[in-house]
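The next block holds one structure in the form of structure tokens; read it before the comments.
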Amino acid sequence: MTAQANRKARLKSTKGWFMRDWRLYVMLILPVMYYLIFCYKPMLGLMIAFQKYNMFKGMWGSKFIGLENFRFVMSMPDFPVALKNTLLLNFMGLIAGFPVPIVLAIMLNELRSIGFKKVSQTLLYLPHFLSWIIIGGMVLQIFSPTSGIINATLLKWGWIDKSIPFLTDGIHWQITYTLVGVWQNMGWGTILYLSAITGINMELFEAARIDGANKLQQIWHVTLPGIRSTIVVLLILNVGQMMNISFDRPFIMGNPMVQKYCDVLSTFVYRAGITNSQFARATAIGLFQSVVGLILISCANFFTKRLGEEGIW
Amino acid sequence: MKKTLAILLALALLIGLAPAVVAEGDWITLRVETYDREITGLDVTNCWQLHYAQEHFGDPNHIKLEFVSFARWTEGDLLTNALAGGTAPDICLTYNGGLVQQAIDDEGIWQLDDLLNEYGENLKAFLGDELLGYGQSDHDGDGVKEQWYIPARRISRANVGNFIREDWLKALNMEKPTTVEEFTEYLRQAKEANLGGETTVPFSFGIYAPDPLYNVRRFTDAFVDFSQVTEEDWFAYARNPEMLPGAKEGFRWLNTLYHEGLIPDTFALTDNDKANDTALIMGYNGFFSQQPDQPWRTDKNYQIELEKNVEGGHWVTVNCFYNESLGKYLHDIYAPAGLSIIIPLTTDEKTAVAAVQYMDWMAIPENMFAMQNGLEGINFEGFTENGIPYGVKSADAVPDENKMHAGDICFISNGLCYGDDEKNAAALALPFAGYEDDVVASYVDALTDAWTQVSFTVSVQAETDYGATVKSKQGEFLAAVVSCDADQFDTVFDSGIQEILQSGAAQMIEEFRATYQEGNYRGVFPGNL
């Protein structure tokens with residue numbers, strides 16, 4: 001027998017696999033434990049969504065009440081408002097925010113000067129590392145009526161005679177919210193696309209150039225098709241997140257003037273659940289969000305596969 | 001025979017001694033919740049008071065004291081988690097009444113009657129029956145109220161501090177306003193004269209998001225027509241001052257101020273506290289309303305900071321929210337009960353006894369004095385003629401081993417207690433050297449025509465279910481009615497009220513009314529003053 005055949009035979013048995021790659025399996029233990037402990041074990045706690053939860057008796061001692069928590073929460077007048085805002089703000093964020101990193105990544109990729117590219121990248125990543133507390137303070141400084149930088153300047157120059165209600169009028173607020181989000185995330189979002197672009201075979205560009213394609217044609221016919229699968233995967237993941245919205249961003253940027261436009265599921269849960277120690281009700285909404293998120297992501301995956309793309313599973 | 005007897009005797013002796021021997025080594029640990037206000041250089045879990053209490057209470061009783069630090073501003077959430085996780089300290093403190101009520105309903109805490117009767121003689125004497133009553137409710141429905149928590153004694157109950165700029169009054173040649181009309185006139189003239197410079201906004205006004213109308217009712221209550229309010233209504237609308245007859249005019253008044261530029265146009269933007277503080281100390285404002293000792297507090301000393309920026313800048317108390325239907329300047333005051341002290345059921349009986357013994361020890365005057373004031377010559381300079389310490393030193397002015405945490409460690413007393421009301425009142429002004437008269441005047445105003453805030457002695461389910469939602473709606477309502485166009489005011493106000501009612505206030509009002517009729521309430525109706 002040749003050495004190669006020997007090796008093949010060994011790999012056929014499970015033991016053989018393990019013997020060869022045991023170091024990798026050992027390394028796998030930590031992430032698996034992470035998922036078990038932090039992602040699967042807490043799912044047990046979902047039980048309390050169906051209970052009249054008594055925090056002293058815990059989830060094993062509390063009374064089962066079926067869907068009562070869901071019924072209560074969904075009958076609150078704020079619930080449909082929060083649901084609508086969550087979807088709307090996420091949708092606006094997706095429409096405005098999704099293409100930006102792609103465009104930006106292509107632009108960065110085309111930069112000739114390495115130094116300039118690095119500096120721009122760093123500056124673009126920077127907002128991602130600022131907490132929303134800080135961004136919230138900046139937003140207030142910049143967009144406040146009368147005293148904010150923009151309004152104060154425009155008023156002084158006489159371009160406007162009334163403050164633009166960036167933060168105090170519903171629609172204005174939603175646009176401000178969306179654009180601030182785009183600004184914060186666009187740089188960070190380019191990372192995946194940049195690495196995908198690096199993965200494109202350089203010969204394709206060469207061939208395109210020889211065929212007489214200009215820069216724009218190269219981008220359109222080589223770069224974009226080259227990163228298409230990355231775009232699709234990220235789009236599916238984003239659609240799956242439509243029902244989820246972070247807590248800090250709407251909570252910090254929102255204010256009572258625009259309550260009807262800034263109240264989203266996370267702030268609603270905080271108010272109706274956490275502040276009153278109504279954990280079971282908060283859990284019920286969380287479960288509802290996850291179920292809808294699962295449905296959305298499954299649909300998105302199904303349709304992309306139908307369109308001939310590779311899905312995420 | 002002798003031998004047998006000797007052996008028996010020896011055995012008896014041994015048996016008799018055995019528990020004592022075991023007890024020698026049998027120390028218990030008492031974990032006490034301690035508020036941490038994040039004062040630089042002070043470790044609340046290792047402060048002077050801990051060692052003092054350990055030496056004078058712990059060691060003689062074989063109890064090892066342990067202070068567990070809870071951040072003061074998030075204590076409610078932290079304690080909720082600790083209780084739910086079964087890791088709560090043996091003595092828990094909280095200002096979150098809802099949490100205490102839930103702990104009673106869920107039967108997660110010790111019922112304290114027997115413990116107090118047996119081990120809490122001094123504590124009961126210090127608190128008194130009326131105050132202890134705040135911690136009692138009839139949970140099992142047998143018609144007898146049980147003691148579920150220990151309410152701390154609140155030394156100063158004043159809550160309202162309204163302040164105006166004396167130097168502005170002088171500049172305008174005006175007397176202190178005594179009615180809302182005079183006050184409005186003051187604001188207008190101050191704005192017109194630009195007394196605070198270009199950025200003058202005479203009335204410092206913002207929304208307190210956790211409870212938006214809690215402070216605003218100080219102004220709107222002046223407009224309420226008490227001839228149309230019964231005592232029952234007062235309690236039914238306890239959380240909805242915007243619905244009292246006449247209050248609408250108060251909100252209309254705020255709307256007028258907004259359109260005249262007398263209150264900041266940023267009033268509704270959250271996170272504005274810093275900007276408001278800056279405006280106050282830079283001298284842009286001519287009026288603000290907070291706590292009665294606010295201008296002189298060490299953490300935000302508006303008075304001293306203002307003097308640095310504006311020569312002669314001077315905050316003085318003002319009484320101008322005159323209610324005509326009553327002929328009174330209404331001021332709400334706190335209930336005599338301060339924070340709530342509970343012992344969770346995760347604490348065993350022996351430790352629960354130790355917990356009550358600790359509080360009982362604390363209630364003895366000399367112990368309380370030490371726990372609140374420290375040592376003469378180290379933590380304070382000496383005594384005034386009426387026996388109150390003066391020259392209290394800040395934490396960084398005392399040696400490390402004597403650093404103490406003044407307010408919160410002696411938790412059975414909310415505020416410094418020197419025995420009688422007169423001394424306690426005199427002591428309030430003492431820390432604010434140079435401004436004693438201003439402070440005293442402010443407290444006098446705050447206690448004028450004072451009505452005790454409303455509370456209920458049983459859990460009101462509708463408030464648990466809808467309370468937070470209603471408050472959020474009230475914030476939205478306040479922002480809308482104050483900033484809407486004047487000709488839209490009536491529409492906005494009426495639809496806002498409807499929305500608050502629909503978001504759960506209707507159920508709350510109904511249940512409060514029923515609770516009142518059952519007699520399960522505390523507080524004062526201003527009509528009875």
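Identifiers for the structure tokens are assigned positionally: chains receive A, B, ... in sequence, residues are indexed from 1 per chain, and ligands are indexed from 1 in the order shown.
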Within 12 Å of Met243 in chain B, counting only C-alpha atoms, which residues qualify if same-chain residues fewer than 4 places away don't, as a PyMOL selection string? chain B and resi 213+217+220-221+223-225+228-229+233-234+236-239+247-251+474+477+493-494+496-498+500-501+505-506+509
I need the contact residues of chain B against chain A, so if you could list those with any atom within 6 Å, counting only C-alpha atoms, and return them as a PyMOL selection string, that would help. chain B and resi 84+106+108+269-270+468+475-476+479
Keeping N, CA and C atoms for every residue in the selection just given, could you write it to a file as an mmCIF file, in the first residue's frame?
data_model
loop_
_atom_site.group_PDB
_atom_site.id
_atom_site.type_symbol
_atom_site.label_atom_id
_atom_site.label_comp_id
_atom_site.auth_asym_id
_atom_site.auth_seq_id
_atom_site.Cartn_x
_atom_site.Cartn_y
_atom_site.Cartn_z
ATOM 1 N N ALA B 84 -34.045 38.456 42.997
ATOM 2 C CA ALA B 84 -34.461 37.386 42.087
ATOM 3 C C ALA B 84 -33.411 36.285 42.034
ATOM 4 N N ASP B 106 -45.312 38.649 46.597
ATOM 5 C CA ASP B 106 -44.692 37.381 46.222
ATOM 6 C C ASP B 106 -44.198 36.599 47.433
ATOM 7 N N GLY B 108 -41.672 37.132 49.540
ATOM 8 C CA GLY B 108 -40.250 36.859 49.478
ATOM 9 C C GLY B 108 -39.471 37.470 50.628
ATOM 10 N N LEU B 269 -35.890 67.951 25.349
ATOM 11 C CA LEU B 269 -34.830 67.049 24.924
ATOM 12 C C LEU B 269 -34.225 66.391 26.148
ATOM 13 N N THR B 270 -34.193 65.087 26.142
ATOM 14 C CA THR B 270 -33.648 64.386 27.300
ATOM 15 C C THR B 270 -32.149 64.649 27.381
ATOM 16 N N ALA B 468 -45.880 52.896 34.580
ATOM 17 C CA ALA B 468 -44.755 53.383 33.779
ATOM 18 C C ALA B 468 -45.244 53.911 32.433
ATOM 19 N N GLY B 475 -45.185 62.482 29.886
ATOM 20 C CA GLY B 475 -44.041 63.207 29.335
ATOM 21 C C GLY B 475 -44.348 63.712 27.937
ATOM 22 N N GLU B 476 -44.948 62.845 27.135
ATOM 23 C CA GLU B 476 -45.329 63.197 25.769
ATOM 24 C C GLU B 476 -46.351 64.327 25.789
ATOM 25 N N ALA B 479 -44.720 67.683 26.800
ATOM 26 C CA ALA B 479 -43.973 68.249 25.676
ATOM 27 C C ALA B 479 -44.929 68.850 24.659
#
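These are the residues of range 172-350 of chain B assigned strand (DSSP E) by DSSP from backbone coordinates: Phe287, Phe288, Ser289, Gln290, Trp315, Val316, Thr317, Tyr322, Asn323, Lys328, Tyr329, His331, Asp332, Ile333, Ala337, Gly338, Leu339, Ser340, Ile341 and Ile342 of chain B.
Minimum atom-to-atom distances from A:Ala196, A:Met242, A:Val81, A:Leu154 to Thr223 in chain A were compared using only C-alpha atoms, and the lowest value belongs to A:Ala196.
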Once you count only C-alpha atoms, what closest atom pair and distance in Å to one decimal does each residue of range 41-137 of chain B within 8 Å of range 147-155 of chain B have, with rows by chain and rising residue number, as CSV?
residue,atom,partner,partner_atom,distance
B:Val100,CA,B:Tyr149,CA,7.9
B:Ile104,CA,B:Trp148,CA,6.9
B:Ile109,CA,B:Trp148,CA,7.4
B:Trp110,CA,B:Trp148,CA,6.8
B:Gln111,CA,B:Trp148,CA,5.0
B:Leu112,CA,B:Gln147,CA,5.3
B:Asp113,CA,B:Gln147,CA,5.4
B:Leu127,CA,B:Arg153,CA,6.2
B:Leu131,CA,B:Pro151,CA,6.9
B:Leu132,CA,B:Pro151,CA,6.4
B:Gly133,CA,B:Gln147,CA,7.8
B:Tyr134,CA,B:Pro151,CA,6.6
B:Gly135,CA,B:Tyr149,CA,4.8
B:Gln136,CA,B:Gln147,CA,4.3
B:Ser137,CA,B:Gln147,CA,6.7
Gly226 in chain A surroundings by only C-alpha atoms, 12 Å radius, close-in-sequence under 6 positions cut, as a short mmCIF file (atom, residue, chain, number, x, y, z; two decimals) with C-alpha atoms, in the first residue's frame:
data_model
loop_
_atom_site.label_atom_id
_atom_site.label_comp_id
_atom_site.auth_asym_id
_atom_site.auth_seq_id
_atom_site.Cartn_x
_atom_site.Cartn_y
_atom_site.Cartn_z
CA ILE A 106 -15.36 50.30 -3.67
CA TYR A 193 -16.69 44.14 1.56
CA LEU A 194 -13.05 45.22 1.39
CA SER A 195 -11.89 41.73 2.26
CA ALA A 196 -14.29 40.30 -0.29
CA ILE A 197 -12.90 42.64 -2.92
CA THR A 198 -9.36 41.57 -2.08
CA GLY A 199 -10.47 38.04 -2.77
CA ILE A 200 -11.36 38.79 -6.40
CA ASN A 201 -8.91 37.36 -8.88
CA MET A 202 -6.70 40.19 -10.19
CA LEU A 204 -10.24 39.41 -14.09
CA PHE A 205 -9.44 43.09 -13.78
CA GLN A 218 -14.61 47.32 -14.23
CA ILE A 219 -16.50 48.09 -11.04
CA TRP A 220 -19.82 47.16 -12.57
CA VAL A 232 -26.59 38.71 -0.38
#
Gap from CA of Gln303 in chain B to CA of Trp315 in chain B - Å, one decimal: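 Interatomic distance here is 6.4 Å.
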Excluding range 367-371 of chain B and its own-chain neighbours fewer than 6 positions away, which residues fall within 12 Å of it when counting only C-alpha atoms? Please give them as a PyMOL selection string. chain B and resi 47-57+122-123+126+358-361+378-380+387-389+402-419
Could the residues in this selection be written to a file with N, CA and C atoms, as a tab-separated table (two decimals), in the first residue's frame?
chain	number	residue	atom	x	y	z
B	47	CYS	N	-15.48	51.46	55.40
B	47	CYS	CA	-15.42	52.81	55.95
B	47	CYS	C	-15.32	52.76	57.47
B	48	TRP	N	-15.13	53.91	58.06
B	48	TRP	CA	-14.92	53.98	59.49
B	48	TRP	C	-16.11	53.39	60.26
B	49	GLN	N	-17.32	53.69	59.78
B	49	GLN	CA	-18.50	53.21	60.50
B	49	GLN	C	-18.56	51.70	60.61
B	50	LEU	N	-18.07	51.01	59.56
B	50	LEU	CA	-18.09	49.54	59.60
B	50	LEU	C	-17.26	49.06	60.79
B	51	HIS	N	-16.09	49.66	60.95
B	51	HIS	CA	-15.22	49.21	62.04
B	51	HIS	C	-15.79	49.61	63.40
B	52	TYR	N	-16.42	50.78	63.42
B	52	TYR	CA	-17.04	51.22	64.67
B	52	TYR	C	-18.16	50.26	65.07
B	53	ALA	N	-19.03	49.95	64.11
B	53	ALA	CA	-20.16	49.06	64.40
B	53	ALA	C	-19.66	47.65	64.72
B	54	GLN	N	-18.63	47.22	64.03
B	54	GLN	CA	-18.07	45.89	64.30
B	54	GLN	C	-17.57	45.81	65.74
B	55	GLU	N	-16.88	46.87	66.15
B	55	GLU	CA	-16.29	46.86	67.49
B	55	GLU	C	-17.38	46.93	68.58
B	56	HIS	N	-18.36	47.83	68.36
B	56	HIS	CA	-19.32	48.06	69.44
B	56	HIS	C	-20.56	47.18	69.36
B	57	PHE	N	-20.87	46.67	68.17
B	57	PHE	CA	-22.04	45.80	68.07
B	57	PHE	C	-21.65	44.39	67.66
B	122	ASN	N	-35.63	49.45	71.06
B	122	ASN	CA	-35.11	50.80	70.80
B	122	ASN	C	-35.53	51.28	69.41
B	123	LEU	N	-35.51	50.36	68.48
B	123	LEU	CA	-35.87	50.70	67.11
B	123	LEU	C	-37.32	51.16	67.04
B	126	PHE	N	-37.65	54.58	68.50
B	126	PHE	CA	-37.10	55.62	67.62
B	126	PHE	C	-38.07	55.94	66.49
B	358	TYR	N	-29.10	44.65	64.98
B	358	TYR	CA	-28.20	45.69	64.47
B	358	TYR	C	-28.94	47.03	64.35
B	359	MET	N	-30.15	46.98	63.80
B	359	MET	CA	-30.91	48.22	63.67
B	359	MET	C	-31.30	48.76	65.04
B	360	ASP	N	-31.56	47.84	65.96
B	360	ASP	CA	-31.93	48.26	67.30
B	360	ASP	C	-30.74	48.97	67.98
B	361	TRP	N	-29.57	48.42	67.76
B	361	TRP	CA	-28.34	49.05	68.31
B	361	TRP	C	-28.15	50.44	67.70
B	378	ILE	N	-12.06	64.93	64.69
B	378	ILE	CA	-11.58	64.21	63.51
B	378	ILE	C	-12.52	64.42	62.34
B	379	ASN	N	-13.80	64.06	62.55
B	379	ASN	CA	-14.77	64.22	61.46
B	379	ASN	C	-15.49	65.58	61.51
B	380	PHE	N	-15.51	66.19	62.68
B	380	PHE	CA	-16.07	67.54	62.79
B	380	PHE	C	-15.31	68.29	63.88
B	387	GLY	N	-25.59	71.72	70.88
B	387	GLY	CA	-25.13	70.33	70.82
B	387	GLY	C	-25.08	69.72	69.44
B	388	ILE	N	-25.01	70.57	68.42
B	388	ILE	CA	-24.91	70.03	67.06
B	388	ILE	C	-23.47	70.18	66.59
B	389	PRO	N	-22.94	69.17	65.92
B	389	PRO	CA	-21.56	69.28	65.44
B	389	PRO	C	-21.43	70.36	64.38
B	402	ASN	N	-10.37	57.08	59.16
B	402	ASN	CA	-11.55	57.74	59.71
B	402	ASN	C	-12.54	58.19	58.63
B	403	LYS	N	-12.24	57.86	57.40
B	403	LYS	CA	-13.16	58.28	56.33
B	403	LYS	C	-14.51	57.62	56.56
B	404	MET	N	-15.56	58.43	56.54
B	404	MET	CA	-16.88	57.86	56.78
B	404	MET	C	-17.87	58.29	55.72
B	405	HIS	N	-18.95	57.56	55.69
B	405	HIS	CA	-19.97	57.76	54.68
B	405	HIS	C	-21.17	58.31	55.44
B	406	ALA	N	-21.33	59.63	55.39
B	406	ALA	CA	-22.20	60.28	56.35
B	406	ALA	C	-23.66	59.84	56.28
B	407	GLY	N	-24.30	60.05	55.13
B	407	GLY	CA	-25.76	59.95	55.10
B	407	GLY	C	-26.34	58.56	55.19
B	408	ASP	N	-25.78	57.63	54.44
B	408	ASP	CA	-26.53	56.41	54.15
B	408	ASP	C	-26.28	55.24	55.07
B	409	ILE	N	-25.23	55.29	55.88
B	409	ILE	CA	-24.88	54.10	56.65
B	409	ILE	C	-25.87	53.89	57.78
B	410	CYS	N	-26.28	54.99	58.40
B	410	CYS	CA	-27.26	54.88	59.47
B	410	CYS	C	-28.64	54.98	58.82
B	411	PHE	N	-29.04	53.90	58.16
B	411	PHE	CA	-30.16	53.97	57.23
B	411	PHE	C	-31.52	54.06	57.88
B	412	ILE	N	-31.60	53.83	59.20
B	412	ILE	CA	-32.93	53.92	59.81
B	412	ILE	C	-33.36	55.37	59.95
B	413	SER	N	-32.44	56.29	59.68
B	413	SER	CA	-32.79	57.71	59.76
B	413	SER	C	-32.41	58.38	58.44
B	414	ASN	N	-33.40	58.86	57.70
B	414	ASN	CA	-33.15	59.60	56.47
B	414	ASN	C	-32.83	61.04	56.86
B	415	GLY	N	-31.56	61.33	57.03
B	415	GLY	CA	-31.18	62.68	57.45
B	415	GLY	C	-30.60	62.64	58.85
B	416	LEU	N	-29.84	63.67	59.16
B	416	LEU	CA	-29.17	63.71	60.46
B	416	LEU	C	-30.16	63.96	61.58
B	417	CYS	N	-30.06	63.12	62.61
B	417	CYS	CA	-31.04	63.19	63.69
B	417	CYS	C	-30.33	63.52	65.00
B	418	TYR	N	-30.79	64.60	65.66
B	418	TYR	CA	-30.16	65.00	66.92
B	418	TYR	C	-31.14	64.97	68.08
B	419	GLY	N	-32.23	64.24	67.92
B	419	GLY	CA	-33.12	64.07	69.06
B	419	GLY	C	-34.45	64.78	68.92
